[in-house]
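Student: So here's my_file16.txt (compact mmCIF, C-alpha atoms and all ligand atoms).
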# COMPACT_ATOMS: atom_id res chain seq x y z
CA MET A 1 78.48 70.14 81.11
CA THR A 2 82.00 68.72 81.53
CA VAL A 3 82.38 64.97 82.03
CA LEU A 4 85.47 62.95 82.89
CA ILE A 5 85.34 59.19 82.45
CA LYS A 6 88.30 57.69 84.29
CA ASN A 7 89.98 54.42 85.25
CA ALA A 8 88.49 52.39 82.39
CA ASN A 9 90.14 49.00 81.96
CA GLU A 10 90.15 49.66 78.22
CA VAL A 11 89.16 52.66 76.14
CA ILE A 12 88.56 51.44 72.59
CA THR A 13 89.18 54.60 70.57
CA LEU A 14 89.18 53.30 66.96
CA LYS A 15 91.58 56.21 66.35
CA ASN A 16 93.46 55.90 63.11
CA ASN A 17 95.01 58.22 60.55
CA VAL A 18 92.95 56.63 57.81
CA ARG A 19 90.21 58.87 56.45
CA GLY A 20 87.28 56.97 55.06
CA PRO A 21 85.91 53.54 55.90
CA ARG A 22 88.45 50.98 57.10
CA THR A 23 89.42 47.99 54.98
CA LYS A 24 91.40 44.77 55.40
CA GLU A 25 93.81 44.85 58.37
CA GLN A 26 92.72 48.40 59.25
CA MET A 27 89.51 46.80 60.50
CA GLN A 28 91.61 44.92 63.03
CA GLU A 29 93.16 48.10 64.53
CA ILE A 30 90.86 49.26 67.30
CA ALA A 31 93.46 51.37 69.19
CA ILE A 32 93.09 50.52 72.87
CA VAL A 33 94.16 52.80 75.73
CA GLU A 34 94.53 50.75 78.90
CA ASN A 35 93.54 52.37 82.20
CA GLY A 36 92.23 55.22 80.08
CA SER A 37 90.19 58.38 80.48
CA VAL A 38 87.94 60.44 78.25
CA LEU A 39 87.32 64.15 78.79
CA ILE A 40 84.13 65.66 77.41
CA GLU A 41 83.11 69.31 77.25
CA GLU A 42 79.54 70.12 76.14
CA ASP A 43 78.88 67.78 73.22
CA ARG A 44 82.50 67.26 72.12
CA ILE A 45 85.39 64.98 73.02
CA VAL A 46 88.27 67.12 74.33
CA ALA A 47 90.86 64.45 75.09
CA VAL A 48 91.41 60.69 75.36
CA GLY A 49 94.35 59.18 77.20
CA ALA A 50 95.99 58.69 80.59
CA LEU A 51 94.45 60.67 83.45
CA GLU A 52 97.86 62.12 84.45
CA GLN A 53 98.23 63.60 80.97
CA LEU A 54 94.71 65.03 80.96
CA GLU A 55 95.38 66.67 84.33
CA VAL A 56 98.46 68.36 82.89
CA ASP A 57 96.82 69.42 79.62
CA PHE A 58 93.39 70.44 80.91
CA PRO A 59 93.69 71.15 84.67
CA GLU A 60 90.64 73.42 84.87
CA LEU A 61 88.33 71.14 82.93
CA VAL A 62 89.41 68.07 84.90
CA LYS A 63 88.79 69.94 88.16
CA LYS A 64 85.26 71.05 87.30
CA ALA A 65 84.20 67.85 85.52
CA THR A 66 81.52 65.47 86.75
CA THR A 67 83.49 62.26 87.17
CA ILE A 68 82.35 58.81 86.10
CA ASP A 69 84.43 55.97 87.47
CA ALA A 70 84.69 53.26 84.80
CA SER A 71 86.88 50.91 86.88
CA GLY A 72 86.64 47.36 85.63
CA LYS A 73 84.73 48.44 82.51
CA VAL A 74 85.23 49.09 78.79
CA VAL A 75 84.60 52.47 77.15
CA MET A 76 83.97 52.82 73.42
CA PRO A 77 82.18 54.99 70.84
CA GLY A 78 78.37 54.75 70.76
CA LEU A 79 77.21 52.07 68.32
CA VAL A 80 75.85 53.13 64.93
CA ASP A 81 72.97 51.06 63.56
CA CYS A 82 73.22 52.02 59.89
CA HIS A 83 70.33 50.00 58.40
CA THR A 84 66.88 49.80 59.97
CA HIS A 85 63.26 49.89 58.88
CA LEU A 86 62.53 51.74 62.09
CA VAL A 87 59.13 53.34 61.52
CA HIS A 88 56.37 50.81 60.84
CA GLY A 89 52.91 49.78 61.99
CA GLY A 90 52.17 46.44 63.63
CA THR A 91 54.10 43.21 64.11
CA ARG A 92 54.25 39.93 62.15
CA GLU A 93 54.69 37.10 64.64
CA GLU A 94 52.03 35.05 62.78
CA GLU A 95 54.26 34.99 59.68
CA PHE A 96 57.18 33.94 61.82
CA ASN A 97 55.08 31.02 62.98
CA MET A 98 54.14 30.22 59.35
CA ARG A 99 57.81 30.15 58.42
CA LEU A 100 58.54 27.81 61.31
CA ASN A 101 55.87 25.58 59.80
CA GLY A 102 57.45 25.55 56.36
CA SER A 103 56.37 28.65 54.38
CA THR A 104 59.08 30.82 52.82
CA TYR A 105 59.52 34.58 53.16
CA MET A 106 58.86 35.26 49.47
CA GLU A 107 55.78 32.95 49.40
CA ILE A 108 54.29 34.92 52.26
CA MET A 109 55.07 38.23 50.57
CA ASN A 110 53.63 37.11 47.22
CA THR A 111 50.31 36.23 48.82
CA GLY A 112 49.82 39.65 50.37
CA GLY A 113 51.76 39.19 53.59
CA GLY A 114 55.30 40.35 54.28
CA ILE A 115 56.06 43.93 53.30
CA HIS A 116 52.46 44.27 51.99
CA ALA A 117 51.01 43.36 55.40
CA THR A 118 53.16 45.94 57.16
CA THR A 119 52.31 48.50 54.48
CA LYS A 120 48.61 48.00 55.23
CA ARG A 121 49.21 48.39 58.97
CA THR A 122 51.43 51.43 58.51
CA ARG A 123 48.83 53.13 56.32
CA GLU A 124 46.20 52.51 59.02
CA THR A 125 48.34 53.73 61.92
CA SER A 126 48.07 57.42 62.79
CA PHE A 127 51.08 59.71 62.95
CA ASP A 128 50.81 59.94 66.74
CA GLU A 129 50.58 56.17 67.26
CA LEU A 130 53.48 55.60 64.91
CA TYR A 131 55.52 58.24 66.71
CA GLU A 132 54.81 56.68 70.11
CA LYS A 133 55.63 53.14 68.94
CA THR A 134 58.87 54.27 67.33
CA ARG A 135 59.87 56.37 70.34
CA LYS A 136 59.70 53.25 72.51
CA HIS A 137 61.84 51.37 70.01
CA LEU A 138 64.46 54.12 70.09
CA ASP A 139 64.57 53.90 73.90
CA ILE A 140 65.42 50.20 73.57
CA PHE A 141 68.13 50.87 70.97
CA LEU A 142 69.64 53.50 73.28
CA LYS A 143 69.70 51.06 76.19
CA HIS A 144 71.64 48.67 73.95
CA GLY A 145 74.36 51.26 73.38
CA VAL A 146 73.20 52.55 69.99
CA THR A 147 73.48 56.34 69.65
CA THR A 148 72.75 56.77 65.93
CA VAL A 149 70.15 54.94 63.85
CA GLU A 150 69.41 55.04 60.15
CA ALA A 151 65.67 54.78 59.38
CA LYS A 152 64.20 53.76 56.05
CA SER A 153 60.68 54.49 54.87
CA GLY A 154 59.07 51.98 52.51
CA TYR A 155 55.97 50.76 54.32
CA GLY A 156 53.75 53.35 52.71
CA LEU A 157 54.33 52.86 48.99
CA ASP A 158 51.99 55.81 48.55
CA TRP A 159 53.09 59.39 49.08
CA GLU A 160 50.89 60.09 52.09
CA THR A 161 52.25 57.19 54.11
CA GLU A 162 55.87 57.46 52.97
CA LYS A 163 55.72 61.11 54.06
CA LYS A 164 54.18 60.11 57.39
CA GLN A 165 57.01 57.66 58.07
CA LEU A 166 59.69 60.18 57.14
CA GLU A 167 58.04 62.89 59.24
CA VAL A 168 57.87 60.59 62.27
CA ALA A 169 61.62 60.00 61.86
CA LYS A 170 62.23 63.74 61.48
CA LYS A 171 60.23 64.59 64.58
CA LEU A 172 62.10 61.94 66.60
CA GLN A 173 65.39 63.37 65.37
CA ALA A 174 64.26 66.65 66.94
CA THR A 175 62.80 65.27 70.18
CA HIS A 176 64.66 62.06 71.06
CA ASP A 177 68.28 61.85 72.22
CA MET A 178 68.97 59.33 69.46
CA ASP A 179 70.29 60.64 66.17
CA VAL A 180 67.95 59.44 63.43
CA ILE A 181 69.15 59.60 59.81
CA SER A 182 66.50 59.17 57.13
CA THR A 183 66.48 57.12 53.96
CA PHE A 184 63.64 57.19 51.45
CA MET A 185 62.76 53.65 50.38
CA GLY A 186 59.57 54.07 48.37
CA ALA A 187 61.09 51.33 46.19
CA HIS A 188 60.70 48.71 48.92
CA ALA A 189 57.99 46.77 47.07
CA VAL A 190 55.61 47.27 44.17
CA PRO A 191 52.17 48.02 45.67
CA ARG A 192 49.67 45.25 44.96
CA ASP A 193 47.43 47.48 42.85
CA TYR A 194 50.38 48.11 40.48
CA LYS A 195 50.84 44.41 39.72
CA GLY A 196 51.66 44.05 36.01
CA ARG A 197 52.26 47.81 35.80
CA GLU A 198 55.57 47.88 37.68
CA ASP A 199 57.16 50.48 35.40
CA GLU A 200 54.28 52.85 36.10
CA PHE A 201 55.08 52.65 39.80
CA VAL A 202 58.75 53.33 39.01
CA ASP A 203 57.56 56.46 37.17
CA VAL A 204 55.54 57.53 40.20
CA LEU A 205 58.62 57.14 42.38
CA ILE A 206 60.81 59.08 39.98
CA HIS A 207 58.46 61.86 38.92
CA GLU A 208 56.24 62.31 41.95
CA MET A 209 57.71 61.01 45.20
CA LEU A 210 61.46 61.58 44.90
CA PRO A 211 61.15 65.28 43.96
CA LYS A 212 58.92 65.86 47.00
CA VAL A 213 61.32 64.01 49.32
CA ALA A 214 64.13 66.27 48.10
CA GLU A 215 62.07 69.45 48.23
CA LEU A 216 60.86 68.83 51.79
CA GLU A 217 64.33 67.61 52.85
CA LEU A 218 62.87 64.42 54.29
CA ALA A 219 65.80 62.11 53.57
CA GLU A 220 69.52 62.01 52.73
CA PHE A 221 69.58 58.60 51.09
CA ASN A 222 67.53 56.72 48.49
CA ASP A 223 67.33 52.93 48.77
CA VAL A 224 65.78 50.25 46.52
CA PHE A 225 64.99 46.56 47.03
CA CYS A 226 66.71 45.17 43.92
CA GLU A 227 65.41 41.60 44.01
CA LYS A 228 63.80 39.09 41.66
CA GLY A 229 60.06 39.76 41.75
CA VAL A 230 60.53 43.23 43.27
CA PHE A 231 62.65 45.77 41.30
CA THR A 232 64.93 44.69 38.43
CA PRO A 233 68.50 46.02 38.22
CA GLU A 234 67.36 48.29 35.35
CA GLN A 235 64.45 49.74 37.34
CA SER A 236 66.69 50.07 40.40
CA GLU A 237 69.26 51.98 38.39
CA ARG A 238 66.64 54.42 37.08
CA ILE A 239 65.35 55.06 40.60
CA LEU A 240 68.82 55.55 42.06
CA GLU A 241 69.99 57.84 39.24
CA ALA A 242 66.85 59.95 39.63
CA GLY A 243 67.54 60.30 43.35
CA LYS A 244 71.16 61.19 42.67
CA ALA A 245 70.10 64.03 40.40
CA LEU A 246 68.08 65.41 43.34
CA GLY A 247 70.97 65.12 45.78
CA LEU A 248 69.94 61.83 47.43
CA THR A 249 72.80 59.37 47.93
CA PRO A 250 72.10 55.84 46.64
CA LYS A 251 71.95 52.72 48.78
CA ILE A 252 70.77 49.28 47.60
CA HIS A 253 69.18 46.21 49.18
CA ALA A 254 71.31 43.93 47.01
CA ASP A 255 71.47 40.17 46.46
CA GLU A 256 69.45 39.38 49.57
CA ILE A 257 67.46 36.36 48.48
CA GLU A 258 68.58 35.48 44.95
CA PRO A 259 71.78 36.55 43.14
CA TYR A 260 70.69 39.49 40.96
CA LYS A 261 73.87 41.51 40.29
CA GLY A 262 72.89 44.03 42.97
CA ALA A 263 76.47 44.33 44.26
CA GLU A 264 77.67 45.06 40.72
CA LEU A 265 74.97 47.71 40.33
CA ALA A 266 75.94 49.36 43.63
CA ALA A 267 79.51 49.77 42.41
CA GLU A 268 78.38 51.06 39.02
CA VAL A 269 75.98 53.73 40.28
CA GLY A 270 78.44 54.84 42.99
CA ALA A 271 76.17 53.80 45.88
CA ILE A 272 77.59 54.63 49.31
CA SER A 273 76.65 51.09 50.38
CA ALA A 274 75.20 47.80 49.22
CA GLU A 275 73.25 46.09 51.96
CA HIS A 276 72.39 42.45 52.80
CA LEU A 277 74.54 40.74 50.07
CA LEU A 278 73.74 37.24 51.36
CA VAL A 279 74.23 35.80 47.89
CA ALA A 280 76.47 38.45 46.27
CA SER A 281 78.69 37.08 43.47
CA ASP A 282 82.50 36.98 43.48
CA GLU A 283 82.51 39.53 40.69
CA GLY A 284 80.14 41.82 42.57
CA ILE A 285 82.38 41.69 45.64
CA GLN A 286 85.40 42.51 43.48
CA LYS A 287 83.64 45.49 41.95
CA MET A 288 82.59 46.79 45.36
CA ALA A 289 86.19 46.58 46.56
CA GLU A 290 87.38 48.56 43.55
CA ALA A 291 84.66 51.20 43.94
CA GLY A 292 85.00 51.42 47.75
CA THR A 293 81.32 50.58 48.23
CA ILE A 294 80.59 49.77 51.87
CA ALA A 295 79.02 46.35 52.49
CA VAL A 296 76.35 46.70 55.17
CA LEU A 297 75.90 43.13 56.41
CA LEU A 298 72.87 42.09 58.41
CA PRO A 299 73.45 38.67 59.95
CA GLY A 300 70.21 38.90 61.96
CA THR A 301 68.27 38.52 58.71
CA ALA A 302 70.11 35.35 57.70
CA PHE A 303 69.61 34.03 61.23
CA PHE A 304 65.90 34.83 61.35
CA LEU A 305 65.14 33.66 57.77
CA ARG A 306 67.43 30.66 58.19
CA ALA A 307 69.25 31.73 55.02
CA PRO A 308 72.98 31.48 54.24
CA PHE A 309 75.05 34.21 55.89
CA ALA A 310 76.79 36.85 53.78
CA ARG A 311 80.44 36.10 53.07
CA GLY A 312 81.81 38.73 55.43
CA ARG A 313 85.24 37.14 55.78
CA LEU A 314 85.77 37.01 52.04
CA MET A 315 84.55 40.58 51.58
CA ILE A 316 87.03 41.90 54.14
CA ASP A 317 89.88 39.86 52.66
CA GLU A 318 89.03 41.20 49.20
CA GLY A 319 89.20 44.79 50.47
CA VAL A 320 85.52 45.69 50.85
CA PRO A 321 84.86 47.97 53.85
CA VAL A 322 82.30 46.12 55.98
CA ALA A 323 79.68 47.53 58.37
CA ILE A 324 77.19 45.53 60.45
CA SER A 325 73.65 46.44 61.41
CA THR A 326 70.40 44.99 62.78
CA ASP A 327 68.10 45.53 59.74
CA PHE A 328 65.45 46.01 62.44
CA ASN A 329 62.09 45.40 60.73
CA PRO A 330 58.90 43.46 61.53
CA GLY A 331 59.48 40.65 59.01
CA SER A 332 63.04 39.49 58.54
CA SER A 333 64.79 40.85 61.63
CA PRO A 334 62.64 42.02 64.54
CA THR A 335 65.47 42.74 66.95
CA MET A 336 66.66 45.99 68.51
CA SER A 337 69.82 44.38 69.87
CA LEU A 338 72.89 45.33 67.87
CA PRO A 339 75.07 43.54 70.47
CA PHE A 340 73.36 40.26 69.59
CA ILE A 341 73.92 40.93 65.89
CA MET A 342 77.61 41.47 66.67
CA ASN A 343 77.68 37.99 68.21
CA LEU A 344 76.21 36.55 65.01
CA ALA A 345 78.80 38.32 62.85
CA CYS A 346 81.57 36.66 64.87
CA MET A 347 79.98 33.23 64.94
CA HIS A 348 78.59 33.00 61.40
CA MET A 349 80.48 35.37 59.12
CA GLY A 350 84.02 34.60 60.22
CA MET A 351 84.65 38.10 61.51
CA THR A 352 87.06 38.79 64.37
CA LEU A 353 86.18 40.54 67.62
CA GLU A 354 88.04 43.63 66.43
CA GLU A 355 86.50 43.70 62.96
CA VAL A 356 83.03 43.57 64.45
CA LEU A 357 83.79 46.62 66.62
CA THR A 358 85.03 48.54 63.58
CA ALA A 359 81.98 47.43 61.59
CA THR A 360 79.50 48.79 64.14
CA THR A 361 81.25 52.09 64.86
CA ILE A 362 83.44 53.90 62.34
CA ASN A 363 82.50 51.90 59.22
CA ALA A 364 78.81 52.09 60.09
CA ALA A 365 79.24 55.85 60.57
CA TYR A 366 80.72 56.13 57.08
CA ALA A 367 77.82 54.09 55.68
CA VAL A 368 75.53 56.95 56.73
CA ASN A 369 78.00 59.64 55.74
CA ARG A 370 78.87 60.56 59.35
CA GLY A 371 82.39 59.14 59.54
CA GLU A 372 83.94 62.53 60.23
CA GLN A 373 81.62 63.29 63.17
CA ILE A 374 81.05 59.99 65.03
CA GLY A 375 82.22 56.37 65.16
CA SER A 376 85.51 56.86 67.04
CA LEU A 377 86.72 58.55 70.22
CA GLU A 378 88.84 61.32 68.76
CA VAL A 379 89.30 64.96 69.70
CA ASP A 380 86.49 67.20 68.39
CA LYS A 381 84.22 64.32 67.50
CA LYS A 382 80.73 64.24 68.98
CA ALA A 383 80.67 62.93 72.55
CA ASP A 384 78.66 59.75 71.90
CA VAL A 385 80.31 57.34 74.32
CA ILE A 386 79.22 54.08 75.96
CA ILE A 387 80.51 52.28 79.03
CA LEU A 388 80.17 48.51 79.06
CA ASP A 389 80.05 46.26 82.06
CA VAL A 390 82.77 43.86 80.90
CA ALA A 391 86.44 43.65 81.88
CA ASN A 392 87.77 43.70 78.31
CA TYR A 393 86.40 43.91 74.77
CA LYS A 394 86.78 40.18 74.16
CA GLN A 395 84.15 39.51 76.82
CA LEU A 396 81.62 41.47 74.76
CA GLN A 397 81.20 38.50 72.43
CA TYR A 398 82.26 35.81 74.88
CA PHE A 399 79.33 36.58 77.20
CA TYR A 400 77.01 36.32 74.23
CA GLY A 401 73.36 37.22 73.78
CA MET A 402 73.54 39.81 76.54
CA ASN A 403 73.36 43.56 76.77
CA HIS A 404 76.44 44.83 78.59
CA THR A 405 75.59 48.52 78.24
CA ASN A 406 75.94 50.23 81.61
CA THR A 407 76.15 53.92 80.69
CA VAL A 408 75.32 55.88 77.54
CA ILE A 409 76.57 59.41 77.02
CA LYS A 410 74.85 61.07 74.10
CA ASN A 411 75.92 64.52 72.91
CA GLY A 412 77.90 64.82 76.16
CA GLN A 413 74.91 64.05 78.42
CA VAL A 414 74.42 60.90 80.48
CA VAL A 415 71.17 59.40 79.16
CA VAL A 416 71.49 55.81 80.43
CA GLN A 417 72.96 54.98 83.83
CA ASN A 418 73.31 51.47 85.28
CA GLY A 419 71.34 50.26 82.27
CA ILE A 420 68.37 52.53 83.04
CA LEU A 421 67.07 55.38 80.87
CA LEU A 422 67.32 58.58 82.87
CA LYS A 423 64.49 60.52 81.29
CA GLU A 424 61.29 59.99 79.41
CA GLN A 425 62.23 60.96 75.84
O1 LIG B 1 65.65 44.34 54.77
N1 LIG B 1 64.44 43.23 52.03
C1 LIG B 1 63.52 43.95 52.21
N2 LIG B 1 63.18 44.54 53.34
C2 LIG B 1 63.40 44.09 54.64
C3 LIG B 1 62.33 43.22 55.14
C4 LIG B 1 61.06 43.92 55.22
C5 LIG B 1 59.94 43.14 55.81
O2 LIG B 1 59.89 41.92 55.76
O3 LIG B 1 59.06 43.85 56.31
C6 LIG B 1 64.78 43.53 54.80
O4 LIG B 1 64.99 42.32 54.97
FE FE B 2 66.63 45.95 55.11
In structure tokens, write the structure found in this file.
Tutor:
Amino acid sequence: MTVLIKNANEVITLKNNVRGPRTKEQMQEIAIVENGSVLIEEDRIVAVGALEQLEVDFPELVKKATTIDASGKVVMPGLVDCHTHLVHGGTREEEFNMRLNGSTYMEIMNTGGGIHATTKRTRETSFDELYEKTRKHLDIFLKHGVTTVEAKSGYGLDWETEKKQLEVAKKLQATHDMDVISTFMGAHAVPRDYKGREDEFVDVLIHEMLPKVAELELAEFNDVFCEKGVFTPEQSERILEAGKALGLTPKIHADEIEPYKGAELAAEVGAISAEHLLVASDEGIQKMAEAGTIAVLLPGTAFFLRAPFARGRLMIDEGVPVAISTDFNPGSSPTMSLPFIMNLACMHMGMTLEEVLTATTINAAYAVNRGEQIGSLEVDKKADVIILDVANYKQLQYFYGMNHTNTVIKNGQVVVQNGILLKEQ
């Protein structure tokens, strides 16, 4: 199929000669083509620019293309949600209510709720139910302009259930239009029956689960919740090094609730990203900048837990490449709206309109090792393109708390039109 998007008020290309995640003022450069067009052939971008030029360069393709008129609208790369706990059983609105009445997140978790409650539900939920629930979630993400999602396991904490979560993600990668990228996060919590024997569980992760994840090719990344009362920096390092030896790239849930030198550890083990970082230290931020570790910031979690926001402004100024994501999960961030999270990043982390666009496209793509394939509208990149019903990119955050996604083109196919999903996935 050949598609021509034309007459867009603005095409935000994010084109840049920089290879790798963007830092500092590069995050500001979103490369806008006014009154622009995008030409797509099969699943690739063929050209981006003025229609007159495209007609000269590709007369045959332009003639045969299905045309989409984007007059009055903004065109940009599909959003990349690079940190979610996508596959899980159940919901936790009762805990939300408890928190509104004064309980804390860690109190709830330490008395068997939180991650433990979702682990119980996920163990009890069949593969087919889990698949169906997750499929519906992916439809909602797609309608919000997200075309790639990272999905972490970590609500099994036993091999059978971790495998079930990863296999649900793998099947959805095959059947759903969304691209789903898997992360093993068996180190999300210590199961309750291992209380007092935490190192034994670390051994199970290292000697039993991780080798099977690698052998069955169920994940690309290996993540750990490095947090006081969960996994220590030493345990986290062992788990991440073991994954590395098996070809799994490290990621870390770092410095989310209490400062714990998680950012420092991410830089030391060569993690592709450190995530959360609500209370990351100055030194940790410095080390991440030096190592080029991507900060995946999740302002929805700070919002929903009423915790301090990560210091996004400082991180960018210090040279850390920043990405933004929902952290979609049933406890600390039950939202599938990346556009809303973008609003929060502007309002509460001191990020500019342009930085937030960079953080949810090209930098997020690099955080899942896809920066060369997606995240910008450049020739030969995958044709993941969205059309937004706003007159210019500044209105995306100005009209806040709304979903402006009008059209989603995924792998060169129109999958959402006028905000409506075209086919049952
Ligand atoms: O990213 N920090 C740990 N994990 C999730 C929350 C998981 C849950 O509450 O179910 C997070 O915030
Ligand atoms: Fe998370």
Student: Pick from A:Thr23, A:Thr147, A:Gln286, A:Asn9: nearest to Val408 in chain A, with only C-alpha atoms counted?
Tutor: A:Thr147
Student: Point out the residue among A:Met1, A:Ile386, A:Met402, A:Ala291 with the least atom-to-atom distance to Ile341 in chain A, counting all atoms listed in the file.
Tutor: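 Among the listed residues, the smallest separation from Ile341 in chain A belongs to A:Met402.
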Student: From (66.9, 57.3, 68.8), in the file's coordinates, out to 10 Å: which residues are reached, counting all atoms listed in the file? Answer as a VMD selection string.
Tutor: chain A and resid 86 134 to 142 146 to 151 169 172 to 181 425
Student: Deliver the residues from the most recent selection as a file, using C-alpha atoms, as an mmCIF file, keeping the file's coordinate frame.
Tutor:
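Below you can see out_14.cif, which holds the result:
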data_model
loop_
_atom_site.group_PDB
_atom_site.id
_atom_site.type_symbol
_atom_site.label_atom_id
_atom_site.label_comp_id
_atom_site.auth_asym_id
_atom_site.auth_seq_id
_atom_site.Cartn_x
_atom_site.Cartn_y
_atom_site.Cartn_z
ATOM 1 C CA LEU A 86 62.530 51.740 62.090
ATOM 2 C CA THR A 134 58.870 54.270 67.330
ATOM 3 C CA ARG A 135 59.870 56.370 70.340
ATOM 4 C CA LYS A 136 59.700 53.250 72.510
ATOM 5 C CA HIS A 137 61.840 51.370 70.010
ATOM 6 C CA LEU A 138 64.460 54.120 70.090
ATOM 7 C CA ASP A 139 64.570 53.900 73.900
ATOM 8 C CA ILE A 140 65.420 50.200 73.570
ATOM 9 C CA PHE A 141 68.130 50.870 70.970
ATOM 10 C CA LEU A 142 69.640 53.500 73.280
ATOM 11 C CA VAL A 146 73.200 52.550 69.990
ATOM 12 C CA THR A 147 73.480 56.340 69.650
ATOM 13 C CA THR A 148 72.750 56.770 65.930
ATOM 14 C CA VAL A 149 70.150 54.940 63.850
ATOM 15 C CA GLU A 150 69.410 55.040 60.150
ATOM 16 C CA ALA A 151 65.670 54.780 59.380
ATOM 17 C CA ALA A 169 61.620 60.000 61.860
ATOM 18 C CA LEU A 172 62.100 61.940 66.600
ATOM 19 C CA GLN A 173 65.390 63.370 65.370
ATOM 20 C CA ALA A 174 64.260 66.650 66.940
ATOM 21 C CA THR A 175 62.800 65.270 70.180
ATOM 22 C CA HIS A 176 64.660 62.060 71.060
ATOM 23 C CA ASP A 177 68.280 61.850 72.220
ATOM 24 C CA MET A 178 68.970 59.330 69.460
ATOM 25 C CA ASP A 179 70.290 60.640 66.170
ATOM 26 C CA VAL A 180 67.950 59.440 63.430
ATOM 27 C CA ILE A 181 69.150 59.600 59.810
ATOM 28 C CA GLN A 425 62.230 60.960 75.840
#
Student: Could you please determine the separation between CA of Ser103 in chain A and CA of Thr122 in chain A in Å, to one decimal place?
Tutor: 23.7 Å
Student: Could you check how far CA of Leu4 in chain A sits from CA of Ala65 in chain A, in Å to one decimal?
Tutor: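 If I compute the distance from CA of Leu4 in chain A to CA of Ala65 in chain A, I get 5.7 Å.
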Student: Between CA of Met98 in chain A and CA of Thr111 in chain A, what is the distance, to one decimal in Å?
Tutor: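 Rounded to one decimal, the two atoms are 12.7 Å apart.
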Student: With a distance cut-off of 7 Å and only C-alpha atoms, select the neighbouring residues of range 201-214 of chain A, excluding the residue or stretch itself and same-chain residues fewer than 5 positions from it, and output the selection as a list in words.
Tutor: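 Residues meeting the cut-off are Trp159, Gly186, Val190, Tyr194, Ala219, Gln235, Ile239, Ala242, Gly243 and Leu246 of chain A.
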Student: Atoms to include: C-alpha atoms. Write the selected residues as a short mmCIF file (atom, residue, chain, number, x, y, z; two decimals), in the frame of the given file.
Tutor:
data_model
loop_
_atom_site.label_atom_id
_atom_site.label_comp_id
_atom_site.auth_asym_id
_atom_site.auth_seq_id
_atom_site.Cartn_x
_atom_site.Cartn_y
_atom_site.Cartn_z
CA TRP A 159 53.09 59.39 49.08
CA GLY A 186 59.57 54.07 48.37
CA VAL A 190 55.61 47.27 44.17
CA TYR A 194 50.38 48.11 40.48
CA ALA A 219 65.80 62.11 53.57
CA GLN A 235 64.45 49.74 37.34
CA ILE A 239 65.35 55.06 40.60
CA ALA A 242 66.85 59.95 39.63
CA GLY A 243 67.54 60.30 43.35
CA LEU A 246 68.08 65.41 43.34
#
Student: Smallest atom-to-atom distance to ligand FE 2 (chain B): which of A:Asn411, A:Ser153, A:Gln165, A:Ser236, using only C-alpha atoms and all ligand atoms?
Tutor: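 Checking each of A:Asn411, A:Ser153, A:Gln165, A:Ser236 against ligand FE 2 (chain B), counting only C-alpha atoms and all ligand atoms, the winner is A:Ser153.
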Student: Smallest atom-to-atom distance to ligand FE 2 (chain B): which of A:Gly36, A:Gly412, A:Pro233, A:Pro299, using only C-alpha atoms and all ligand atoms?
Tutor: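 Result for the nearest residue to ligand FE 2 (chain B): A:Pro299.
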Student: Determine, counting all atoms listed in the file, which protein, DNA and RNA residues have an atom within 8 Å of an atom of Leu51 in chain A; residues of the same chain fewer than 4 positions away are not included. Present the result as a ChimeraX atom specification.
Tutor: /A:6-7,36-37,55
Student: Could you give me, as a list of chain:residue names, the residues that have an atom at most 7 Å away from the point (72.5, 50.7, 44.3) in the coordinates of the file, using all atoms listed in the file?
Tutor: A:Glu237, A:Leu240, A:Pro250, A:Lys251, A:Ile252, A:Gly262, A:Leu265, A:Ala266, A:Val269, A:Ala271, A:Ala274
Student: Between A:Tyr393, A:Phe231, A:Val385, A:Gly49, which is the closest to Gln413 in chain A once you count all atoms listed in the file?
Tutor: A:Val385
Student: Using only C-alpha atoms and all ligand atoms, can you tell me which of A:Thr183, A:Val11, A:Leu130, A:Leu344 comes closest to ligand FE 2 (chain B)?
Tutor: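 Closest candidate: A:Thr183.
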Student: Can you tell me, as a VMD selection string, what residues are no more than 9 Å from Phe309 in chain A when counting only C-alpha atoms, ignoring any on the same chain fewer than 2 positions away?
Tutor: chain A and resid 277 to 279 297 to 299 301 to 303 306 to 307 311 to 312 345 348 to 349
Student: Quick one: residues within 9 Å of range 371-380 of chain A, only C-alpha atoms counted, chain neighbours fewer than 5 positions away excluded, as a PyMOL selection string?
Tutor: chain A and resi 11-16+19-21+38+44-48+76-80+148+358+360-366+385
